[in-house]
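**Q** Pasting input.cif here (mmCIF, C-alpha atoms and all ligand atoms):
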```
data_entry
loop_
_atom_site.label_atom_id
_atom_site.label_comp_id
_atom_site.auth_asym_id
_atom_site.auth_seq_id
_atom_site.Cartn_x
_atom_site.Cartn_y
_atom_site.Cartn_z
CA ARG A 197 -9.07 -19.14 -1.09
CA ALA A 198 -5.48 -18.00 -1.51
CA PRO A 199 -3.35 -16.86 1.44
CA ILE A 200 -2.60 -13.16 1.65
CA VAL A 201 -1.16 -10.67 4.14
CA LEU A 202 -2.30 -7.05 4.05
CA ASP A 203 0.44 -4.72 5.32
CA SER A 204 -1.11 -1.35 5.90
CA ASP A 205 -1.04 2.06 7.62
CA PRO A 206 -4.75 2.79 8.20
CA GLY A 207 -5.51 5.45 6.95
CA ILE A 208 -8.84 5.96 5.22
CA ASP A 209 -8.11 4.27 1.90
CA ASP A 210 -6.20 1.51 3.72
CA ALA A 211 -9.35 0.83 5.74
CA VAL A 212 -11.44 0.70 2.57
CA ALA A 213 -8.83 -1.61 1.01
CA LEU A 214 -9.28 -4.04 3.92
CA GLN A 215 -13.06 -3.97 3.50
CA TYR A 216 -12.71 -4.52 -0.21
CA LEU A 217 -10.31 -7.44 0.30
CA LEU A 218 -12.73 -9.12 2.70
CA GLY A 219 -15.69 -8.34 0.46
CA THR A 220 -14.22 -10.10 -2.57
CA GLY A 221 -14.36 -13.45 -0.75
CA ARG A 222 -11.26 -14.51 -2.70
CA TRP A 223 -8.67 -14.32 0.00
CA ASP A 224 -7.65 -16.13 3.13
CA LEU A 225 -6.31 -13.17 5.12
CA ARG A 226 -3.59 -14.76 7.25
CA ALA A 227 -2.56 -11.54 9.02
CA TYR A 228 -3.23 -7.83 9.05
CA THR A 229 0.17 -6.28 9.65
CA SER A 230 0.22 -2.61 10.54
CA VAL A 231 3.01 -0.20 9.67
CA GLY A 232 3.66 3.43 10.59
CA GLY A 233 2.90 5.87 7.78
CA ASN A 234 -0.20 7.99 7.62
CA LEU A 235 0.17 8.16 11.38
CA PRO A 236 2.88 6.85 13.70
CA ALA A 237 3.08 3.09 14.21
CA GLY A 238 1.25 3.08 17.57
CA GLN A 239 -1.80 4.77 16.06
CA THR A 240 -1.94 2.70 12.87
CA TYR A 241 -1.68 -0.46 15.01
CA ARG A 242 -4.57 0.75 17.15
CA ASN A 243 -6.57 1.60 14.02
CA ALA A 244 -5.86 -1.82 12.51
CA ARG A 245 -7.14 -3.52 15.68
CA ALA A 246 -10.22 -1.30 15.79
CA LEU A 247 -10.99 -2.02 12.13
CA ALA A 248 -10.57 -5.75 12.70
CA ARG A 249 -13.13 -5.50 15.47
CA ALA A 250 -15.53 -3.32 13.47
CA LEU A 251 -15.39 -5.78 10.57
CA ARG A 252 -15.74 -8.76 12.93
CA ILE A 253 -12.53 -10.47 11.92
CA ASP A 254 -10.57 -9.93 15.13
CA THR A 255 -11.15 -13.44 16.42
CA ASP A 256 -9.81 -14.97 13.16
CA VAL A 257 -7.20 -12.60 11.78
CA PRO A 258 -4.18 -11.65 13.88
CA VAL A 259 -3.23 -7.98 13.88
CA HIS A 260 0.47 -7.20 14.28
CA ARG A 261 2.33 -4.06 15.26
CA GLY A 262 4.81 -2.53 12.86
CA ALA A 263 8.26 -1.09 13.48
CA ALA A 264 8.26 1.97 15.71
CA ARG A 265 9.84 4.12 13.00
CA PRO A 266 11.13 4.09 9.42
CA LEU A 267 14.46 2.29 8.81
CA THR A 268 16.68 5.32 9.30
CA ARG A 269 14.48 8.39 9.52
CA LEU A 270 12.00 10.03 11.85
CA PRO A 271 8.34 9.07 11.54
CA TYR A 272 6.06 11.31 9.58
CA THR A 273 3.34 12.75 11.78
CA ALA A 274 1.23 15.07 9.68
CA ALA A 275 -1.15 13.04 7.49
CA ALA A 276 -4.01 13.78 9.91
CA HIS A 277 -5.06 16.67 7.68
CA PHE A 278 -5.93 14.08 5.01
CA HIS A 279 -7.05 11.06 7.02
CA GLY A 280 -8.60 12.67 10.13
CA PRO A 281 -7.20 13.31 13.62
CA GLU A 282 -6.69 9.60 14.39
CA GLY A 283 -6.42 8.44 10.79
CA LEU A 284 -9.92 7.06 10.22
CA GLY A 285 -11.88 10.14 9.25
CA GLN A 286 -14.35 11.08 11.99
CA GLU A 287 -14.60 7.51 13.30
CA THR A 288 -13.86 6.68 16.92
CA LEU A 289 -13.93 2.89 16.75
CA PRO A 290 -13.40 0.88 19.94
CA ASP A 291 -10.20 -1.13 20.26
CA SER A 292 -10.32 -4.88 19.75
CA THR A 293 -10.57 -7.04 22.85
CA ALA A 294 -8.10 -9.55 21.32
CA GLY A 295 -4.83 -9.91 23.22
CA HIS A 296 -1.77 -8.01 22.00
CA LEU A 297 0.64 -10.20 20.03
CA THR A 298 4.35 -10.15 20.71
CA GLU A 299 5.19 -11.14 17.12
CA SER A 300 5.92 -8.01 15.08
CA SER A 301 4.58 -7.33 11.59
CA ALA A 302 7.96 -8.24 10.04
CA GLN A 303 8.20 -11.47 12.05
CA ALA A 304 4.67 -12.43 11.00
CA LEU A 305 5.55 -11.80 7.35
CA LEU A 306 8.61 -14.05 7.63
CA ARG A 307 6.74 -16.85 9.40
CA LEU A 308 3.84 -16.81 6.94
CA SER A 309 6.23 -16.81 3.96
CA ARG A 310 7.66 -20.07 5.34
CA GLU A 311 4.28 -21.61 6.17
CA HIS A 312 2.94 -20.77 2.70
CA GLU A 313 6.13 -20.94 0.65
CA GLY A 314 5.48 -20.14 -3.01
CA GLU A 315 1.81 -19.38 -2.32
CA LEU A 316 1.67 -16.22 -0.25
CA THR A 317 0.58 -12.90 -1.76
CA VAL A 318 1.73 -9.84 0.17
CA CYS A 319 -0.12 -6.59 -0.46
CA ALA A 320 1.44 -3.44 1.04
CA THR A 321 -0.53 -0.22 1.17
CA GLY A 322 1.78 1.83 3.38
CA PRO A 323 5.51 2.55 3.62
CA LEU A 324 7.62 -0.57 3.07
CA THR A 325 9.32 -0.62 6.50
CA ASN A 326 8.01 -4.02 7.61
CA VAL A 327 8.79 -5.71 4.31
CA ALA A 328 12.31 -4.27 4.33
CA ILE A 329 12.93 -5.47 7.88
CA ALA A 330 11.79 -8.95 6.88
CA LEU A 331 14.17 -8.89 3.89
CA LEU A 332 17.10 -7.58 5.91
CA GLU A 333 16.60 -10.41 8.40
CA ASP A 334 16.14 -13.08 5.74
CA PRO A 335 16.81 -12.11 2.08
CA ALA A 336 15.23 -15.41 0.94
CA PHE A 337 11.87 -13.91 1.88
CA ALA A 338 12.00 -12.33 -1.60
CA HIS A 339 11.85 -15.76 -3.23
CA ARG A 340 9.29 -17.37 -0.94
CA VAL A 341 6.43 -14.99 -1.71
CA ARG A 342 4.32 -15.72 -4.76
CA LYS A 343 3.57 -12.11 -5.47
CA PHE A 344 4.23 -8.73 -3.86
CA VAL A 345 1.88 -5.92 -4.82
CA PHE A 346 2.38 -2.49 -3.30
CA MET A 347 0.78 0.91 -3.57
CA GLY A 348 3.46 3.50 -4.00
CA GLY A 349 5.61 5.51 -6.30
CA ASN A 350 5.05 7.35 -9.53
CA ALA A 351 6.59 6.27 -12.82
CA GLN A 352 5.72 9.09 -15.18
CA VAL A 353 3.46 11.50 -13.28
CA PRO A 354 4.17 14.06 -10.51
CA GLY A 355 4.26 13.12 -6.82
CA ASN A 356 1.66 13.83 -4.15
CA ILE A 357 3.80 14.68 -1.11
CA THR A 358 6.52 16.55 -3.01
CA PRO A 359 6.65 17.50 -6.68
CA VAL A 360 8.47 14.25 -7.46
CA ALA A 361 7.58 11.76 -4.69
CA GLU A 362 4.59 9.67 -3.68
CA PHE A 363 3.81 9.52 0.05
CA ASN A 364 4.57 5.84 0.83
CA MET A 365 7.94 5.98 -0.93
CA TRP A 366 8.80 9.35 0.60
CA ALA A 367 7.87 8.23 4.14
CA ASP A 368 10.48 5.44 4.13
CA PRO A 369 12.59 5.61 0.97
CA ASP A 370 15.38 3.47 2.43
CA ALA A 371 12.93 0.64 3.04
CA ALA A 372 11.52 0.96 -0.46
CA GLU A 373 15.00 0.77 -1.92
CA VAL A 374 15.78 -2.40 0.08
CA VAL A 375 12.59 -4.01 -1.20
CA LEU A 376 12.92 -3.02 -4.85
CA SER A 377 16.53 -4.19 -5.04
CA SER A 378 15.80 -7.53 -3.35
CA GLY A 379 14.58 -9.55 -6.32
CA ILE A 380 11.07 -9.84 -4.87
CA PRO A 381 8.46 -10.34 -7.63
CA PHE A 382 6.89 -6.90 -7.33
CA THR A 383 3.99 -5.13 -8.95
CA MET A 384 3.99 -1.39 -8.33
CA VAL A 385 0.55 0.19 -8.24
CA ASP A 386 1.50 3.83 -8.44
CA LEU A 387 -0.03 7.27 -8.86
CA ASP A 388 0.05 6.79 -12.64
CA ALA A 389 -2.83 4.37 -12.14
CA SER A 390 -4.43 5.45 -8.84
CA HIS A 391 -4.81 9.10 -9.80
CA ARG A 392 -6.96 7.83 -12.65
CA TRP A 393 -9.09 5.49 -10.53
CA LEU A 394 -11.31 8.18 -9.05
CA PHE A 395 -14.25 7.77 -6.71
CA GLY A 396 -16.74 10.62 -7.11
CA PRO A 397 -20.17 11.83 -5.95
CA ALA A 398 -22.16 9.29 -7.97
CA ASP A 399 -20.05 6.42 -6.57
CA LEU A 400 -20.53 7.79 -3.06
CA ALA A 401 -24.29 8.03 -3.52
CA ALA A 402 -24.37 4.41 -4.72
CA LEU A 403 -22.28 3.27 -1.76
CA GLU A 404 -24.45 5.19 0.69
CA ALA A 405 -27.51 3.50 -0.77
CA ALA A 406 -25.92 0.06 -0.53
CA GLY A 407 -26.96 -0.58 3.06
CA ALA A 408 -25.41 -1.16 6.45
CA GLY A 409 -22.53 -3.32 5.20
CA ALA A 410 -21.18 -0.41 3.16
CA ALA A 411 -21.87 2.33 5.72
CA LEU A 412 -18.38 2.51 7.23
CA ALA A 413 -16.68 2.65 3.84
CA ALA A 414 -19.14 5.34 2.72
CA ARG A 415 -18.48 7.51 5.79
CA LEU A 416 -14.73 7.12 5.34
CA LEU A 417 -14.79 7.93 1.64
CA ARG A 418 -16.99 10.98 2.22
CA VAL A 419 -14.23 12.37 4.45
CA TYR A 420 -11.55 11.38 1.91
CA ILE A 421 -13.38 13.22 -0.88
CA ASP A 422 -13.60 16.28 1.40
CA SER A 423 -9.85 16.08 2.05
CA TYR A 424 -9.09 15.98 -1.66
CA ARG A 425 -11.55 18.82 -2.28
CA ARG A 426 -9.79 20.97 0.33
CA HIS A 427 -6.48 20.25 -1.39
CA GLY A 428 -7.69 21.13 -4.84
CA GLY A 429 -8.63 17.61 -5.96
CA GLY A 430 -12.14 18.48 -7.13
CA ASP A 431 -15.11 16.34 -6.12
CA SER A 432 -13.47 12.95 -6.14
CA CYS A 433 -10.72 10.99 -4.42
CA PRO A 434 -8.30 8.38 -5.76
CA LEU A 435 -8.75 4.81 -4.55
CA HIS A 436 -5.02 4.25 -4.09
CA ASP A 437 -4.99 1.32 -1.67
CA PRO A 438 -8.13 -0.54 -2.83
CA LEU A 439 -6.60 -0.50 -6.30
CA ALA A 440 -3.54 -2.38 -5.03
CA VAL A 441 -5.82 -5.01 -3.47
CA GLY A 442 -7.72 -5.26 -6.76
CA VAL A 443 -4.49 -5.84 -8.69
CA CYS A 444 -3.56 -8.75 -6.39
CA ALA A 445 -6.42 -10.70 -7.95
CA ASP A 446 -6.83 -9.08 -11.33
CA GLU A 447 -4.12 -7.20 -13.19
CA SER A 448 -6.58 -5.79 -15.72
CA PHE A 449 -7.27 -2.96 -13.28
CA VAL A 450 -4.00 -1.40 -14.53
CA THR A 451 -1.74 -1.30 -17.56
CA LEU A 452 1.60 -2.82 -16.61
CA ALA A 453 5.07 -2.46 -18.07
CA GLU A 454 8.12 -4.50 -17.21
CA GLY A 455 10.96 -2.63 -15.59
CA ALA A 456 13.07 -1.93 -12.54
CA VAL A 457 12.52 0.84 -10.02
CA VAL A 458 15.20 2.77 -8.14
CA VAL A 459 14.27 4.94 -5.15
CA GLU A 460 16.06 8.19 -4.38
CA CYS A 461 17.48 8.05 -0.86
CA ALA A 462 20.33 10.57 -0.94
CA SER A 463 18.81 13.89 -1.90
CA GLU A 464 16.36 15.64 0.42
CA LEU A 465 14.91 17.55 -2.54
CA THR A 466 13.99 14.41 -4.49
CA ARG A 467 13.65 12.02 -1.51
CA GLY A 468 11.49 8.99 -2.32
CA GLN A 469 11.30 9.67 -6.05
CA THR A 470 10.89 6.41 -7.95
CA VAL A 471 12.90 6.16 -11.14
CA PHE A 472 11.32 3.69 -13.53
CA VAL A 473 13.93 1.86 -15.62
CA PRO A 474 12.15 0.15 -18.52
CA SER A 475 13.22 -3.26 -19.77
CA ALA A 476 16.10 -3.26 -22.29
CA ALA A 477 13.79 -3.53 -25.28
CA GLN A 478 12.24 -0.15 -24.49
CA ARG A 479 15.46 1.44 -23.28
CA ASN A 480 17.53 1.45 -26.44
CA TYR A 481 17.75 5.22 -26.55
CA TYR A 482 19.19 5.61 -23.02
CA THR A 483 22.88 5.85 -22.26
CA GLU A 484 23.59 2.69 -20.30
CA SER A 485 25.33 3.07 -16.97
CA PRO A 486 26.60 0.27 -14.72
CA ALA A 487 24.10 1.32 -12.03
CA LEU A 488 21.22 1.18 -14.45
CA THR A 489 22.24 -2.13 -15.95
CA ALA A 490 22.85 -3.65 -12.52
CA ARG A 491 19.38 -2.72 -11.35
CA THR A 492 17.71 -4.36 -14.30
CA ARG A 493 18.58 -7.68 -12.65
CA HIS A 494 15.61 -6.92 -10.41
CA MET A 495 12.74 -6.30 -12.75
CA GLY A 496 9.14 -6.14 -11.72
CA ARG A 497 5.95 -4.76 -13.16
CA VAL A 498 4.95 -1.14 -12.94
CA ALA A 499 1.56 0.43 -13.60
CA LEU A 500 1.71 3.09 -16.29
CA GLY A 501 -2.01 3.84 -16.17
CA PRO A 502 -5.42 2.33 -15.51
CA GLY A 503 -6.43 -0.80 -17.34
CA PRO A 504 -9.66 -1.77 -19.05
CA ARG A 505 -11.28 -3.21 -15.94
CA ASP A 506 -14.21 -1.42 -14.29
CA PHE A 507 -13.53 -1.20 -10.56
CA THR A 508 -17.18 -1.34 -9.64
CA LYS A 509 -17.63 -4.84 -11.07
C1 LIG B 601 -0.79 6.62 -0.33
O1 LIG B 601 -0.50 7.51 0.75
C2 LIG B 601 -1.39 7.28 1.80
O2 LIG B 601 -1.79 8.47 2.44
C3 LIG B 601 -2.54 6.51 1.21
O3 LIG B 601 -3.09 5.67 2.21
C4 LIG B 601 -1.90 5.72 0.10
O4 LIG B 601 -1.37 4.50 0.57
C5 LIG B 601 -1.06 7.45 -1.55
O5 LIG B 601 0.06 8.20 -1.89
CA CA B 602 -1.90 3.68 2.80
#
```
Would you write out, as structure tokens, the structure that this file holds?
**A**
Amino acid sequence: RAPIVLDSDPGIDDAVALQYLLGTGRWDLRAYTSVGGNLPAGQTYRNARALARALRIDTDVPVHRGAARPLTRLPYTAAAHFHGPEGLGQETLPDSTAGHLTESSAQALLRLSREHEGELTVCATGPLTNVAIALLEDPAFAHRVRKFVFMGGNAQVPGNITPVAEFNMWADPDAAEVVLSSGIPFTMVDLDASHRWLFGPADLAALEAAGAGAALAARLLRVYIDSYRRHGGGDSCPLHDPLAVGVCADESFVTLAEGAVVVECASELTRGQTVFVPSAAQRNYYTESPALTARTRHMGRVALGPGPRDFTK
């Protein structure tokens, strides 16, 4: 099994992403690093510990606390209307009895990148604060990870927290910009793909019938569907964060294009917007600018839509 770190702001779909990761049996989860996002860092840390206990991994998988706030901005505090008062739907899960670790999420990422140099996959399903802190402390982190897959951004479709921005990028745009300009081998699993990976009533019924092992995920996703319904999303919810976990193992979940991504950090109106800069071959009709050309030194892969793979398999 390959080593992976899940860096996450649980969060309903983050919680389901963790269950999915464990359920695949493919991964050796070396750490579950929490980050502030859907709720402030203290609450997502508590949720991460509680989930580790509920899923019976808290004696094997260390849970780390993320930075107290985004790199330069105030924490966002209002995602409770989507994820429930404490971030996990209606669940009130007991805290883990494991001791609290002094090593932060960013420190754990750095250590594990050294212990598993060239082998470690990092999957981020929240704002990129921890990953940015790791890179600011040691830029070589970018070259030690095998693969960095994150859920965030929007290449060609509208945003979900503002007309142009996706939540994870908007919550800490400065961190996202540090990460995407670092040279890390990134794969961006964005709204272009996740808004077309929908989980609906028939999927929920199947999950509810799947037995005790699926009960927590089913309860969480029932609440998530309700949240999307209340916000005009119809009868289904996107599986944003599980999709990122899926892509870590199998890229056929999405259709990828090569390109760079620049994150808007200056404007408040377009804060967190991700500008997809396609590779030169597809860019021949753009006016080249030094900024654009410079950024193409840091290409990654960006999802432009869902792929042929069926998520349920
Ligand atoms: C992202 O925002 C969060 O609320 C979800 O957990 C997901 O990571 C989708 O924009
Ligand atoms: Ca998330």
**Q** Report as a ChimeraX atom specification which protein, DNA and RNA residues come within 6 Å of ligand LIG 601 (chain B), using only C-alpha atoms and all ligand atoms.
**A** /A:207,209-210,234,321-322,347,362-364,436-437
**Q** What does the file look like for those residues with C-alpha atoms, as a PDB file, in the frame of the given file?
**A**
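What follows is the written file part.pdb:
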```pdb
ATOM      1  CA  GLY A 207      -5.510   5.450   6.950  1.00  0.00           C
ATOM      2  CA  ASP A 209      -8.110   4.270   1.900  1.00  0.00           C
ATOM      3  CA  ASP A 210      -6.200   1.510   3.720  1.00  0.00           C
ATOM      4  CA  ASN A 234      -0.200   7.990   7.620  1.00  0.00           C
ATOM      5  CA  THR A 321      -0.530  -0.220   1.170  1.00  0.00           C
ATOM      6  CA  GLY A 322       1.780   1.830   3.380  1.00  0.00           C
ATOM      7  CA  MET A 347       0.780   0.910  -3.570  1.00  0.00           C
ATOM      8  CA  GLU A 362       4.590   9.670  -3.680  1.00  0.00           C
ATOM      9  CA  PHE A 363       3.810   9.520   0.050  1.00  0.00           C
ATOM     10  CA  ASN A 364       4.570   5.840   0.830  1.00  0.00           C
ATOM     11  CA  HIS A 436      -5.020   4.250  -4.090  1.00  0.00           C
ATOM     12  CA  ASP A 437      -4.990   1.320  -1.670  1.00  0.00           C
TER      13      ASP A 437
END
```
**Q** Name all residues at most 9 Å from Pro474 (chain A) (count all atoms listed in the file; drop same-chain ones fewer than 5 positions away) and give them as an MDAnalysis selection string.
**A** chainID A and resid 453:457 479 492 495
**Q** Could you check which of A:Tyr424, A:Phe337, A:Trp366, A:Tyr272 is closest to Ala304 (chain A), using only C-alpha atoms?
**A**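 Of A:Tyr424, A:Phe337, A:Trp366, A:Tyr272, the one nearest Ala304 (chain A), counting only C-alpha atoms, is A:Phe337.
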**Q** Counting only C-alpha atoms and all ligand atoms, what are the residues, protein, DNA or RNA alike, that approach ligand CA 602 (chain B) to within 12 Å? I want them as a count of residues only.
**A** 51
**Q** What separation in Å, quoted to one decimal, exists between CA of Val201 (chain A) and CA of Pro504 (chain A)?
**A**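 Between CA of Val201 (chain A) and CA of Pro504 (chain A) the gap is 26.3 Å.
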**Q** Find the spatial neighbours of region 350-353 of chain A, counting all atoms listed in the file, within a cut-off of 10 Å - ignore same-chain residues fewer than 2 positions away - and output them as a list of chain:residue names.
**A**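 Counting all atoms listed in the file, the residues come to A:Met347, A:Gly348, A:Gly355, A:Asn356, A:Pro359, A:Val360, A:Ala361, A:Glu362, A:Phe363, A:Met365, A:Met384, A:Val385, A:Asp386, A:Leu387, A:Asp388, A:Ala389, A:Ser390, A:His391, A:Val457, A:Gly468, A:Gln469, A:Thr470, A:Val471, A:Phe472, A:Val473, A:Val498, A:Ala499, A:Leu500, A:Gly501.
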**Q** Nearest to Arg418 (chain A) among A:Val327, A:His312, A:Gln286, A:Asp446, with distances taken over only C-alpha atoms: which residue is it?
**A**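 The closest residue to Arg418 (chain A) is A:Gln286.
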**Q** So the first atom is CA of Leu412 (chain A) and the second is CA of Asp431 (chain A); what is the distance between them in Å, to one decimal place?
**A**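 We find that CA of Leu412 (chain A) and CA of Asp431 (chain A) lie 19.5 Å from each other.
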**Q** At what distance in Å, to one decimal, does CA of Pro381 (chain A) lie from CA of Arg342 (chain A)?
**A**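 Between these atoms lies a distance of 7.4 Å.
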